[in-house]
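Pasted below: protein-v6.cif, mmCIF, C-alpha atoms.
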```cif
data_entry
loop_
_atom_site.label_atom_id
_atom_site.label_comp_id
_atom_site.auth_asym_id
_atom_site.auth_seq_id
_atom_site.Cartn_x
_atom_site.Cartn_y
_atom_site.Cartn_z
CA MET A 253 -4.31 6.34 11.30
CA ALA A 254 -6.54 9.39 11.71
CA ARG A 255 -9.19 9.18 14.39
CA PRO A 256 -12.87 8.57 13.52
CA VAL A 257 -15.17 11.61 13.46
CA VAL A 258 -18.40 11.88 15.48
CA ALA A 259 -20.70 14.82 14.63
CA VAL A 260 -23.17 16.32 17.12
CA VAL A 261 -26.19 17.64 15.19
CA GLY A 262 -29.76 18.72 15.84
CA ARG A 263 -32.02 21.74 15.60
CA PRO A 264 -31.03 24.96 17.42
CA ASN A 265 -31.15 25.28 21.20
CA VAL A 266 -31.48 21.60 22.17
CA GLY A 267 -28.22 21.66 24.16
CA LYS A 268 -25.68 20.44 21.60
CA SER A 269 -22.86 22.70 22.78
CA THR A 270 -23.49 21.90 26.45
CA LEU A 271 -23.36 18.19 25.61
CA PHE A 272 -20.23 18.71 23.49
CA ASN A 273 -18.45 20.47 26.37
CA LYS A 274 -19.52 17.73 28.81
CA LEU A 275 -18.23 14.94 26.54
CA ILE A 276 -14.81 16.51 25.93
CA GLY A 277 -14.47 17.56 29.58
CA ARG A 278 -13.90 21.28 29.04
CA ARG A 279 -15.77 24.41 27.99
CA LEU A 280 -14.90 24.94 24.33
CA SER A 281 -18.19 25.67 22.57
CA ILE A 282 -20.11 28.83 23.52
CA VAL A 283 -23.28 27.95 25.42
CA LYS A 284 -26.23 30.34 25.33
CA ASP A 285 -30.01 30.00 25.15
CA THR A 286 -30.17 32.05 21.94
CA PRO A 287 -30.53 29.80 18.86
CA GLY A 288 -27.70 30.19 16.38
CA VAL A 289 -24.84 30.98 18.77
CA THR A 290 -22.77 28.06 17.41
CA ARG A 291 -22.49 28.72 13.69
CA ASP A 292 -19.25 27.00 12.76
CA ARG A 293 -18.13 23.47 13.45
CA ILE A 294 -15.79 23.11 16.41
CA PHE A 295 -13.54 20.06 16.75
CA ALA A 296 -12.03 18.45 19.85
CA GLU A 297 -10.61 15.08 20.77
CA CYS A 298 -12.76 12.81 22.93
CA GLU A 299 -11.81 9.52 24.63
CA TRP A 300 -14.00 6.82 26.09
CA ASN A 301 -12.86 3.40 27.33
CA GLY A 302 -9.60 3.66 25.41
CA ARG A 303 -11.19 4.72 22.11
CA ARG A 304 -10.19 8.13 20.79
CA PHE A 305 -12.23 10.04 18.25
CA MET A 306 -12.79 13.61 17.03
CA LEU A 307 -16.03 15.21 18.20
CA ALA A 308 -17.51 17.93 15.95
CA ASP A 309 -20.02 20.43 17.36
CA THR A 310 -22.28 22.05 14.76
CA GLY A 311 -24.74 24.88 14.48
CA GLY A 312 -28.42 23.98 14.67
CA ILE A 313 -30.26 22.64 11.63
CA GLU A 314 -33.47 24.45 10.65
CA PRO A 315 -34.52 22.51 7.52
CA ARG A 316 -37.54 24.71 6.78
CA SER A 317 -35.92 28.11 7.39
CA ASP A 318 -35.02 30.58 4.62
CA ASP A 319 -32.99 32.78 7.00
CA VAL A 320 -29.50 33.31 5.55
CA ILE A 321 -27.64 32.60 8.81
CA LEU A 322 -29.69 29.50 9.55
CA ALA A 323 -29.17 28.30 5.98
CA GLN A 324 -25.41 28.66 6.47
CA MET A 325 -25.64 26.72 9.74
CA ARG A 326 -27.65 24.01 7.96
CA ARG A 327 -24.89 23.76 5.37
CA GLN A 328 -22.30 23.49 8.14
CA ALA A 329 -24.17 20.58 9.72
CA GLN A 330 -24.54 18.88 6.34
CA LEU A 331 -20.78 19.12 5.79
CA ALA A 332 -20.23 17.48 9.17
CA ILE A 333 -22.72 14.72 8.34
CA GLU A 334 -20.93 14.00 5.05
CA GLN A 335 -17.60 13.32 6.70
CA ALA A 336 -18.64 11.80 10.03
CA ASP A 337 -18.39 8.11 10.90
CA VAL A 338 -21.10 8.37 13.57
CA ILE A 339 -23.72 11.07 14.17
CA ILE A 340 -25.29 12.02 17.52
CA LEU A 341 -28.73 13.55 16.93
CA VAL A 342 -29.62 15.69 19.95
CA THR A 343 -33.30 16.32 20.73
CA ASP A 344 -35.09 18.13 23.59
CA LEU A 345 -37.33 16.16 25.98
CA ARG A 346 -39.19 19.31 27.07
CA ALA A 347 -40.08 20.35 23.51
CA GLY A 348 -41.01 16.83 22.41
CA VAL A 349 -40.69 15.64 18.82
CA THR A 350 -40.98 18.65 16.51
CA ALA A 351 -41.45 18.85 12.75
CA ASN A 352 -37.83 19.95 12.45
CA ASP A 353 -36.69 16.90 14.43
CA MET A 354 -38.57 14.70 11.95
CA ASP A 355 -36.97 16.51 8.99
CA VAL A 356 -33.48 16.13 10.47
CA ALA A 357 -34.12 12.44 11.20
CA VAL A 358 -35.12 11.87 7.56
CA MET A 359 -31.97 13.69 6.39
CA LEU A 360 -29.82 11.44 8.58
CA GLN A 361 -31.56 8.27 7.42
CA LYS A 362 -30.87 9.26 3.81
CA SER A 363 -27.19 9.82 4.65
CA GLY A 364 -26.76 6.13 5.44
CA LYS A 365 -24.55 6.98 8.43
CA GLN A 366 -24.70 5.37 11.88
CA VAL A 367 -26.92 7.54 14.10
CA VAL A 368 -27.23 7.60 17.91
CA LEU A 369 -30.40 9.36 19.10
CA CYS A 370 -29.85 11.46 22.23
CA VAL A 371 -32.84 12.83 24.18
CA ASN A 372 -31.38 15.73 26.16
CA LYS A 373 -32.71 17.54 29.27
CA CYS A 374 -33.73 14.29 31.03
CA ASP A 375 -32.62 15.95 34.26
CA THR A 376 -34.36 13.68 36.78
CA VAL A 377 -32.66 10.49 38.00
CA GLY A 378 -34.45 7.17 37.45
CA ASP A 379 -36.75 5.94 34.72
CA PRO A 380 -37.40 8.48 31.93
CA PRO A 381 -40.83 10.18 31.89
CA PRO A 382 -43.59 8.92 29.55
CA GLU A 383 -42.92 11.65 26.94
CA PHE A 384 -39.45 10.15 26.39
CA TYR A 385 -40.94 7.23 24.47
CA GLU A 386 -42.39 9.62 21.88
CA PHE A 387 -38.88 9.86 20.37
CA TYR A 388 -39.11 6.28 19.06
CA ASN A 389 -41.30 7.85 16.35
CA LEU A 390 -38.15 9.30 14.74
CA GLY A 391 -37.27 5.79 13.51
CA LEU A 392 -33.65 5.94 14.67
CA GLY A 393 -33.69 3.07 17.15
CA ASP A 394 -33.49 3.24 20.93
CA PRO A 395 -33.12 6.81 22.26
CA VAL A 396 -30.56 7.46 25.00
CA PRO A 397 -31.78 9.69 27.86
CA VAL A 398 -29.15 12.30 28.78
CA SER A 399 -28.76 15.39 30.93
CA SER A 400 -25.97 17.42 29.37
CA VAL A 401 -26.08 19.86 32.30
CA HIS A 402 -25.67 17.24 35.04
CA GLY A 403 -23.88 14.56 33.00
CA HIS A 404 -26.49 11.84 33.55
CA GLY A 405 -26.52 9.26 30.75
CA THR A 406 -23.39 10.50 28.96
CA GLY A 407 -21.63 7.19 29.65
CA ASP A 408 -24.48 5.25 27.99
CA LEU A 409 -24.37 7.70 25.09
CA LEU A 410 -20.62 7.21 24.58
CA ASP A 411 -21.04 3.43 24.85
CA ALA A 412 -23.58 3.60 22.00
CA VAL A 413 -21.24 5.81 19.93
CA CYS A 414 -18.27 3.47 20.41
CA GLU A 415 -20.36 0.48 19.28
CA HIS A 416 -20.68 2.15 15.86
CA LEU A 417 -17.06 3.34 15.45
CA PRO A 418 -14.91 1.52 12.86
CA PRO A 419 -13.09 -1.41 14.53
CA GLU A 420 -9.53 -0.53 15.50
CA GLU A 421 -8.28 -3.63 13.68
CA GLU A 422 -9.61 -2.24 10.38
CA GLU A 423 -7.79 1.01 10.99
CA GLU A 424 -4.55 -0.88 11.54
CA GLU A 425 -4.96 -2.81 8.29
CA GLU A 426 -4.65 0.41 6.32
CA ALA A 427 -1.25 1.25 7.77
CA ASP A 428 0.43 0.95 4.35
CA VAL A 429 -2.11 3.22 2.66
CA ILE A 430 -1.07 6.88 2.35
CA ARG A 431 -4.01 9.19 2.98
CA VAL A 432 -3.70 12.42 0.98
CA ALA A 433 -5.81 15.54 1.61
CA VAL A 434 -6.09 17.85 -1.39
CA ILE A 435 -6.69 21.28 0.13
CA GLY A 436 -6.83 24.85 -1.13
CA LYS A 437 -9.17 27.71 -1.87
CA PRO A 438 -12.23 27.21 -4.08
CA ASN A 439 -11.55 26.83 -7.80
CA ALA A 440 -7.89 25.89 -7.40
CA GLY A 441 -8.55 22.60 -9.20
CA LYS A 442 -8.88 20.14 -6.32
CA SER A 443 -11.74 18.13 -7.83
CA SER A 444 -10.09 18.22 -11.25
CA LEU A 445 -6.98 16.65 -9.75
CA ILE A 446 -9.02 13.93 -8.03
CA ASN A 447 -10.86 13.18 -11.27
CA ARG A 448 -7.57 13.08 -13.24
CA ILE A 449 -6.01 10.68 -10.73
CA ALA A 450 -9.11 8.46 -10.51
CA GLY A 451 -9.65 8.50 -14.27
CA GLU A 452 -13.35 9.23 -13.82
CA GLU A 453 -15.76 11.85 -12.53
CA ARG A 454 -15.56 10.98 -8.83
CA ALA A 455 -15.69 14.45 -7.27
CA ILE A 456 -18.81 16.55 -7.74
CA VAL A 457 -18.57 20.33 -7.39
CA SER A 458 -21.76 22.21 -6.70
CA ASP A 459 -23.06 25.55 -5.42
CA ILE A 460 -26.17 23.91 -3.98
CA ALA A 461 -26.29 23.55 -0.20
CA GLY A 462 -26.63 19.94 0.87
CA THR A 463 -25.36 18.30 -2.29
CA THR A 464 -24.58 14.73 -1.26
CA ARG A 465 -21.40 13.25 -2.67
CA ASP A 466 -21.08 9.48 -2.62
CA ALA A 467 -17.31 9.51 -3.16
CA ILE A 468 -15.54 11.69 -0.63
CA ASP A 469 -12.56 9.32 -0.48
CA THR A 470 -10.99 8.03 -3.68
CA PRO A 471 -8.78 4.92 -3.35
CA VAL A 472 -5.95 4.78 -5.89
CA HIS A 473 -3.59 1.88 -6.58
CA ASN A 474 -0.73 2.35 -9.05
CA GLN A 475 2.97 1.65 -9.50
CA HIS A 476 3.74 4.07 -6.68
CA GLY A 477 1.64 2.23 -4.07
CA ASP A 478 -1.77 2.51 -2.38
CA PHE A 479 -3.31 5.91 -1.69
CA VAL A 480 -6.62 7.36 -0.54
CA PHE A 481 -7.29 10.88 -1.82
CA ILE A 482 -9.57 12.99 0.37
CA ASP A 483 -11.37 15.58 -1.74
CA THR A 484 -12.11 18.84 0.04
CA ALA A 485 -13.86 20.49 -2.90
CA GLY A 486 -17.58 21.04 -3.00
CA LEU A 487 -18.16 24.77 -3.47
CA ARG A 488 -17.64 26.32 -6.86
CA ARG A 489 -16.25 29.85 -6.87
CA ARG A 490 -18.99 32.40 -7.51
CA SER A 491 -18.73 35.81 -9.12
CA ARG A 492 -18.23 37.31 -5.66
CA VAL A 493 -16.38 35.27 -3.06
CA ASP A 494 -17.95 36.13 0.30
CA ASP A 495 -16.78 35.25 3.81
CA ALA A 496 -19.02 32.19 3.97
CA ILE A 497 -17.34 30.49 1.02
CA GLU A 498 -13.88 31.12 2.47
CA LYS A 499 -15.10 29.82 5.83
CA TYR A 500 -16.46 26.60 4.35
CA SER A 501 -13.27 25.84 2.40
CA VAL A 502 -11.14 26.29 5.53
CA LEU A 503 -13.48 24.11 7.61
CA ARG A 504 -13.47 21.39 4.97
CA ALA A 505 -9.69 21.52 5.04
CA GLN A 506 -9.67 21.06 8.83
CA MET A 507 -11.68 17.84 8.56
CA ALA A 508 -9.59 16.48 5.71
CA VAL A 509 -6.22 17.39 7.25
CA GLU A 510 -7.13 15.59 10.49
CA ARG A 511 -7.51 12.33 8.56
CA ALA A 512 -4.53 12.74 6.24
CA ASP A 513 -0.87 11.70 6.27
CA VAL A 514 0.13 14.12 3.50
CA CYS A 515 -1.50 17.38 2.41
CA VAL A 516 -1.30 18.62 -1.18
CA ILE A 517 -1.86 22.39 -1.01
CA MET A 518 -3.28 23.49 -4.35
CA ILE A 519 -2.38 26.95 -5.64
CA ASP A 520 -4.02 28.47 -8.71
CA ALA A 521 -1.12 29.48 -11.00
CA THR A 522 -3.32 32.00 -12.80
CA GLU A 523 -4.10 33.85 -9.54
CA GLY A 524 -0.94 33.26 -7.50
CA PHE A 525 -0.70 33.30 -3.72
CA THR A 526 -3.61 34.64 -1.63
CA GLU A 527 -4.25 35.08 2.08
CA GLN A 528 -6.67 32.16 1.95
CA ASP A 529 -3.87 29.89 0.67
CA SER A 530 -1.86 30.88 3.72
CA LYS A 531 -4.75 30.03 6.08
CA VAL A 532 -5.34 26.61 4.52
CA ALA A 533 -1.62 25.76 4.48
CA GLY A 534 -1.35 26.88 8.10
CA ILE A 535 -3.88 24.22 9.12
CA ALA A 536 -1.68 21.45 7.69
CA HIS A 537 1.46 22.99 9.21
CA GLU A 538 -0.07 23.30 12.69
CA GLN A 539 -1.25 19.69 12.64
CA GLY A 540 2.24 18.47 11.72
CA LYS A 541 1.30 16.85 8.42
CA GLY A 542 3.59 16.21 5.48
CA CYS A 543 3.06 19.04 2.97
CA ILE A 544 3.49 19.58 -0.77
CA ILE A 545 2.67 22.84 -2.55
CA ALA A 546 1.18 22.01 -5.97
CA VAL A 547 0.90 24.94 -8.37
CA ASN A 548 -1.99 23.91 -10.61
CA LYS A 549 -3.16 25.24 -14.03
CA TRP A 550 0.47 25.61 -15.11
CA ASP A 551 -0.68 24.92 -18.69
CA ALA A 552 -2.75 28.13 -18.60
CA VAL A 553 0.16 30.42 -17.71
CA GLU A 554 2.04 32.32 -20.41
CA LYS A 555 5.67 31.39 -19.87
CA ASP A 556 9.15 32.38 -20.85
CA GLY A 557 12.48 30.98 -19.67
CA ARG A 558 12.24 32.68 -16.28
CA THR A 559 8.56 32.22 -15.38
CA MET A 560 8.93 29.08 -13.27
CA ASP A 561 11.98 30.31 -11.36
CA SER A 562 10.30 33.65 -10.73
CA MET A 563 7.10 32.09 -9.39
CA ARG A 564 9.05 29.55 -7.34
CA LYS A 565 10.99 32.35 -5.63
CA LYS A 566 7.80 34.33 -5.00
CA LEU A 567 6.00 31.32 -3.49
CA MET A 568 8.98 30.43 -1.32
CA ASP A 569 8.77 33.93 0.15
CA ASP A 570 4.99 33.64 0.59
CA PHE A 571 5.31 30.24 2.30
CA SER A 572 8.37 31.16 4.36
CA PHE A 573 6.66 29.73 7.47
CA MET A 574 6.83 26.28 5.85
CA ALA A 575 10.03 26.46 3.84
CA TYR A 576 10.39 22.67 4.18
CA ALA A 577 7.49 22.02 1.74
CA PRO A 578 8.57 21.07 -1.80
CA LEU A 579 7.00 22.91 -4.76
CA ILE A 580 5.72 21.21 -7.89
CA PHE A 581 4.10 22.78 -10.99
CA ILE A 582 1.28 20.62 -12.35
CA SER A 583 -1.77 20.65 -14.60
CA ALA A 584 -4.73 18.57 -13.48
CA LYS A 585 -6.29 19.26 -16.89
CA THR A 586 -3.44 17.83 -18.99
CA GLY A 587 -1.90 15.46 -16.42
CA GLN A 588 1.43 17.31 -16.47
CA ARG A 589 3.80 16.03 -13.71
CA ILE A 590 1.09 13.93 -11.99
CA ASP A 591 3.49 10.96 -11.84
CA ARG A 592 6.08 13.19 -10.19
CA LEU A 593 3.40 14.30 -7.69
CA PHE A 594 2.86 10.66 -6.65
CA GLU A 595 6.61 10.23 -6.12
CA LEU A 596 6.68 13.36 -3.95
CA ILE A 597 3.67 12.21 -1.90
CA LYS A 598 5.33 8.88 -1.13
CA TYR A 599 8.65 10.56 -0.30
CA VAL A 600 7.08 13.18 1.97
CA ALA A 601 5.05 10.50 3.82
CA GLN A 602 8.29 8.63 4.52
CA GLN A 603 9.99 11.82 5.71
CA ASN A 604 7.06 12.64 8.03
CA ALA A 605 7.38 9.16 9.59
CA MET A 606 11.20 9.11 9.78
CA ARG A 607 12.91 7.87 12.96
CA ILE A 608 16.46 8.92 13.82
CA SER A 609 18.53 7.06 16.40
CA THR A 610 19.57 8.90 19.56
CA GLY A 611 23.24 8.25 18.78
CA MET A 612 23.03 9.85 15.34
CA LEU A 613 21.06 12.80 16.70
CA ASN A 614 23.63 13.52 19.37
CA ASP A 615 26.48 13.34 16.86
CA VAL A 616 24.73 16.12 14.93
CA LEU A 617 24.06 18.01 18.19
CA ALA A 618 27.73 17.86 19.20
CA ALA A 619 28.91 19.12 15.81
CA ALA A 620 26.27 21.88 15.76
CA THR A 621 27.06 23.20 19.26
CA ALA A 622 30.80 23.13 18.51
CA ARG A 623 30.23 25.18 15.34
CA VAL A 624 27.86 27.72 16.94
CA GLN A 625 27.98 28.09 20.71
CA PRO A 626 24.61 27.96 22.54
CA PRO A 627 23.31 31.35 23.76
CA THR A 628 24.16 32.89 27.13
CA ASP A 629 22.41 35.28 29.51
CA LYS A 630 24.11 37.10 32.39
CA GLY A 631 27.03 34.71 32.34
CA ARG A 632 24.88 31.55 32.21
CA ARG A 633 25.24 29.49 29.03
CA LEU A 634 22.64 27.11 27.68
CA ARG A 635 23.79 23.51 27.98
CA ILE A 636 22.05 20.85 25.89
CA TYR A 637 22.81 17.52 27.56
CA TYR A 638 21.32 15.29 24.91
CA MET A 639 18.53 14.97 22.37
CA THR A 640 16.23 12.08 21.51
CA GLN A 641 13.32 11.57 19.13
CA ALA A 642 10.04 11.19 21.00
CA SER A 643 7.60 10.58 18.15
CA ILE A 644 6.89 10.74 14.42
CA LYS A 645 4.21 12.41 12.27
CA PRO A 646 5.75 14.94 12.68
CA PRO A 647 9.28 14.10 13.87
CA THR A 648 9.41 15.45 17.43
CA PHE A 649 12.68 15.83 19.32
CA VAL A 650 13.10 16.19 23.08
CA CYS A 651 16.08 18.30 24.21
CA PHE A 652 17.28 18.01 27.82
CA VAL A 653 18.86 21.29 28.93
CA ASN A 654 19.99 23.14 32.03
CA ARG A 655 17.69 26.14 31.49
CA ALA A 656 14.72 26.14 29.11
CA ASP A 657 14.49 29.94 29.06
CA LEU A 658 17.94 30.14 27.41
CA PHE A 659 16.90 27.90 24.51
CA HIS A 660 15.87 30.75 22.21
CA PHE A 661 13.74 30.17 19.14
CA SER A 662 16.62 31.26 16.88
CA TYR A 663 18.87 28.51 18.27
CA GLN A 664 16.09 25.95 17.89
CA ARG A 665 15.81 27.00 14.24
CA TYR A 666 19.58 26.62 13.86
CA LEU A 667 19.47 23.07 15.27
CA GLU A 668 16.47 22.24 13.10
CA ASN A 669 18.41 23.36 10.02
CA GLN A 670 21.39 21.20 11.04
CA ILE A 671 19.14 18.16 11.50
CA ARG A 672 17.45 18.77 8.14
CA GLU A 673 20.82 19.23 6.44
CA THR A 674 21.94 15.84 7.75
CA PHE A 675 18.78 13.71 7.56
CA GLY A 676 16.58 15.49 4.99
CA LEU A 677 13.12 15.63 6.59
CA GLU A 678 11.87 17.35 3.45
CA GLY A 679 8.17 18.11 3.34
CA THR A 680 7.56 17.70 7.08
CA PRO A 681 7.47 20.13 9.99
CA VAL A 682 9.75 19.42 12.95
CA ARG A 683 8.79 19.90 16.60
CA PHE A 684 11.03 20.49 19.62
CA VAL A 685 10.11 19.73 23.23
CA ILE A 686 12.42 21.40 25.74
CA ARG A 687 12.89 19.81 29.18
CA GLU A 688 15.07 20.98 32.00
CA ARG A 689 17.14 18.36 33.81
CA GLY A 690 14.95 16.55 36.32
CA GLU A 691 11.75 17.82 34.68
CA THR A 692 9.10 15.18 34.00
CA GLY A 693 7.12 17.10 31.41
CA GLY A 694 6.43 20.40 29.76
CA SER A 695 7.48 21.94 26.48
CA LYS A 696 8.48 25.18 24.91
#
```
Full structure transcribed into structure tokens:
Amino acid sequence: MARPVVAVVGRPNVGKSTLFNKLIGRRLSIVKDTPGVTRDRIFAECEWNGRRFMLADTGGIEPRSDDVILAQMRRQAQLAIEQADVIILVTDLRAGVTANDMDVAVMLQKSGKQVVLCVNKCDTVGDPPPEFYEFYNLGLGDPVPVSSVHGHGTGDLLDAVCEHLPPEEEEEEEADVIRVAVIGKPNAGKSSLINRIAGEERAIVSDIAGTTRDAIDTPVHNQHGDFVFIDTAGLRRRSRVDDAIEKYSVLRAQMAVERADVCVIMIDATEGFTEQDSKVAGIAHEQGKGCIIAVNKWDAVEKDGRTMDSMRKKLMDDFSFMAYAPLIFISAKTGQRIDRLFELIKYVAQQNAMRISTGMLNDVLAAATARVQPPTDKGRRLRIYYMTQASIKPPTFVCFVNRADLFHFSYQRYLENQIRETFGLEGTPVRFVIRERGETGGSK
């Protein structure tokens, strides 16, 4: 199952990015005293006492500001709040409780999410100073004193976060449920597809910053099995699509893809392939998810006998970096091929989780190397001793070789094609880890 999400929010310049870097153990977010340096959400994995979760750093929230940049940052934080399981509200001991802190606290209370209140910049060791107790006025329970610079109190903070995470047993119970992220650029028909599948108006699409949607996840049970559809819509296309709208759609996709087993990449048939489609699809590809390219609004396209074949060929060229992904032409409006889409989702999920025995893999390896000799360099030939599958989601294969530098990308692609030809693996990326004999780790 996908890991829970914990969002770090608060007004600008309270030390969110410093705390974020301290919790994940490396410097990822930019830290500067100027408010507004962190504008986009940044994600990283965090682990505490055996629990793993995704930590999301956000730009500062200025609820009362009309500044365009700050309004965009506020929207970013609201997106994080919508999809988080737990929220860390960071405040500043030195500044005390501000009007903006109160506004953010009210926003979080309305969200209904679990909130851990962090009072940052408690840099002295021992009992917190008297002004610390002022933060009880925010109505969010017991504050946790923390020094993000020195690391004091971060253990107590993570303990409080882990208390609110979904129990691991509940996550295991959903093992048979296929989680599907519907991703794509604005106005491709993502919400329409969710509404068609759910049979009701579950997904709300709005231009208004901060629109709260009660149904982000839509459970579906039908003859094909149990599914949870993750809607990434929420911003209607405007007359002029600016950078901010593209940015939000990509960031929504990142959150959804992290939680998904299969990604349905929605393409608008009336517009065709765009650079933004490539960016969104690349997120799913890089995270190793099962992928399906769904060409929506097929009912709105004027067709002749060659239209589908022509568009299929064009899209296969456009998505050459993920040639494994099957294409399907649908209409969320009319329901055309929606049943077939469910069949593909189930099939691709199985392919993404496929395990292949070491014996069968090495039979394919032997036949492949006999047909096409491994590459050589200065008289030294690559020798592949054996191959084994290390993990699933995506299928990842470890190759033990004499020299990793001889295992060229082109030969990896050749072996990948031979494995796909034998075992299918349709709809899923494949990863190779190359290890030299005697090597304990490392990859190429």
Step by step, work through what the PyMOL selection byres ((chain A and resi 510) around 9) selects in the shown file, and finish by giving those residues as a compact mmCIF listing (two decimals) with C-alpha atoms, keeping the file's coordinate frame.
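So the final result, stored in selection-v4.txt, reads:
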```
# COMPACT_ATOMS: atom_id res chain seq x y z
CA ALA A 254 -6.54 9.39 11.71
CA ARG A 255 -9.19 9.18 14.39
CA MET A 306 -12.79 13.61 17.03
CA ALA A 433 -5.81 15.54 1.61
CA ALA A 505 -9.69 21.52 5.04
CA GLN A 506 -9.67 21.06 8.83
CA MET A 507 -11.68 17.84 8.56
CA ALA A 508 -9.59 16.48 5.71
CA VAL A 509 -6.22 17.39 7.25
CA ARG A 511 -7.51 12.33 8.56
CA ALA A 512 -4.53 12.74 6.24
CA ASP A 513 -0.87 11.70 6.27
CA ALA A 536 -1.68 21.45 7.69
CA GLN A 539 -1.25 19.69 12.64
CA LYS A 541 1.30 16.85 8.42
```
Near-Pro681 of chain A list (12 Å; all atoms listed in the file; drop same-chain fewer than 2 positions) as a PDB file with C-alpha atoms, in the coordinates of the input:
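After the write, selection_38.pdb holds the following:
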```pdb
ATOM      1  CA  VAL A 514       0.130  14.120   3.500  1.00  0.00           C
ATOM      2  CA  GLY A 534      -1.350  26.880   8.100  1.00  0.00           C
ATOM      3  CA  ALA A 536      -1.680  21.450   7.690  1.00  0.00           C
ATOM      4  CA  HIS A 537       1.460  22.990   9.210  1.00  0.00           C
ATOM      5  CA  GLU A 538      -0.070  23.300  12.690  1.00  0.00           C
ATOM      6  CA  GLN A 539      -1.250  19.690  12.640  1.00  0.00           C
ATOM      7  CA  GLY A 540       2.240  18.470  11.720  1.00  0.00           C
ATOM      8  CA  LYS A 541       1.300  16.850   8.420  1.00  0.00           C
ATOM      9  CA  GLY A 542       3.590  16.210   5.480  1.00  0.00           C
ATOM     10  CA  CYS A 543       3.060  19.040   2.970  1.00  0.00           C
ATOM     11  CA  ILE A 544       3.490  19.580  -0.770  1.00  0.00           C
ATOM     12  CA  PHE A 573       6.660  29.730   7.470  1.00  0.00           C
ATOM     13  CA  MET A 574       6.830  26.280   5.850  1.00  0.00           C
ATOM     14  CA  ALA A 575      10.030  26.460   3.840  1.00  0.00           C
ATOM     15  CA  TYR A 576      10.390  22.670   4.180  1.00  0.00           C
ATOM     16  CA  ALA A 577       7.490  22.020   1.740  1.00  0.00           C
ATOM     17  CA  PRO A 578       8.570  21.070  -1.800  1.00  0.00           C
ATOM     18  CA  VAL A 600       7.080  13.180   1.970  1.00  0.00           C
ATOM     19  CA  ALA A 601       5.050  10.500   3.820  1.00  0.00           C
ATOM     20  CA  GLN A 603       9.990  11.820   5.710  1.00  0.00           C
ATOM     21  CA  ASN A 604       7.060  12.640   8.030  1.00  0.00           C
ATOM     22  CA  ALA A 605       7.380   9.160   9.590  1.00  0.00           C
ATOM     23  CA  MET A 606      11.200   9.110   9.780  1.00  0.00           C
ATOM     24  CA  ILE A 644       6.890  10.740  14.420  1.00  0.00           C
ATOM     25  CA  LYS A 645       4.210  12.410  12.270  1.00  0.00           C
ATOM     26  CA  PRO A 646       5.750  14.940  12.680  1.00  0.00           C
ATOM     27  CA  PRO A 647       9.280  14.100  13.870  1.00  0.00           C
ATOM     28  CA  THR A 648       9.410  15.450  17.430  1.00  0.00           C
ATOM     29  CA  PHE A 649      12.680  15.830  19.320  1.00  0.00           C
ATOM     30  CA  ARG A 665      15.810  27.000  14.240  1.00  0.00           C
ATOM     31  CA  GLU A 668      16.470  22.240  13.100  1.00  0.00           C
ATOM     32  CA  ASN A 669      18.410  23.360  10.020  1.00  0.00           C
ATOM     33  CA  ILE A 671      19.140  18.160  11.500  1.00  0.00           C
ATOM     34  CA  ARG A 672      17.450  18.770   8.140  1.00  0.00           C
ATOM     35  CA  GLY A 676      16.580  15.490   4.990  1.00  0.00           C
ATOM     36  CA  LEU A 677      13.120  15.630   6.590  1.00  0.00           C
ATOM     37  CA  GLU A 678      11.870  17.350   3.450  1.00  0.00           C
ATOM     38  CA  GLY A 679       8.170  18.110   3.340  1.00  0.00           C
ATOM     39  CA  ARG A 683       8.790  19.900  16.600  1.00  0.00           C
ATOM     40  CA  PHE A 684      11.030  20.490  19.620  1.00  0.00           C
TER      41      PHE A 684
END
```
- Output of the PyMOL selection byres ((chain A and resi 354-358) around 9), listed as a PyMOL selection string: chain A and resi 261-263+313-316+341+349-353+359-363+389-392
- the PyMOL selection byres ((chain A and resi 582) around 6) applied to the shown file, residues as JSON, numbers by chain: {"A": [547, 548, 550, 581, 583, 588, 589]}
Dump as a compact mmCIF listing (two decimals), in the frame of the given file, selection limited to C-alpha atoms:
```txt
# COMPACT_ATOMS: atom_id res chain seq x y z
CA VAL A 547 0.90 24.94 -8.37
CA ASN A 548 -1.99 23.91 -10.61
CA TRP A 550 0.47 25.61 -15.11
CA PHE A 581 4.10 22.78 -10.99
CA SER A 583 -1.77 20.65 -14.60
CA GLN A 588 1.43 17.31 -16.47
CA ARG A 589 3.80 16.03 -13.71
```
- Selection: 7 Å around Val367 of chain A, only C-alpha atoms, excl. self and same-chain fewer than 2 positions, as a PyMOL selection string: chain A and resi 338-341+365+369+392
Could those residues be written to a file, using C-alpha atoms, as a PDB file, in the frame of the given file?
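And here is the file that came out, part_31.pdb:
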```pdb
ATOM      1  CA  VAL A 338     -21.100   8.370  13.570  1.00  0.00           C
ATOM      2  CA  ILE A 339     -23.720  11.070  14.170  1.00  0.00           C
ATOM      3  CA  ILE A 340     -25.290  12.020  17.520  1.00  0.00           C
ATOM      4  CA  LEU A 341     -28.730  13.550  16.930  1.00  0.00           C
ATOM      5  CA  LYS A 365     -24.550   6.980   8.430  1.00  0.00           C
ATOM      6  CA  LEU A 369     -30.400   9.360  19.100  1.00  0.00           C
ATOM      7  CA  LEU A 392     -33.650   5.940  14.670  1.00  0.00           C
TER       8      LEU A 392
END
```
- Query: What is the distance between atom CA of Val432 of chain A and atom CA of Ala642 of chain A, in Å to one decimal?
  - Reply: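 So the answer is 24.3 Å.
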- Message: Could you tell me how far atom CA of Asp570 of chain A sits from atom CA of Asp551 of chain A, in Å to one decimal place?
- Response: 21.9 Å
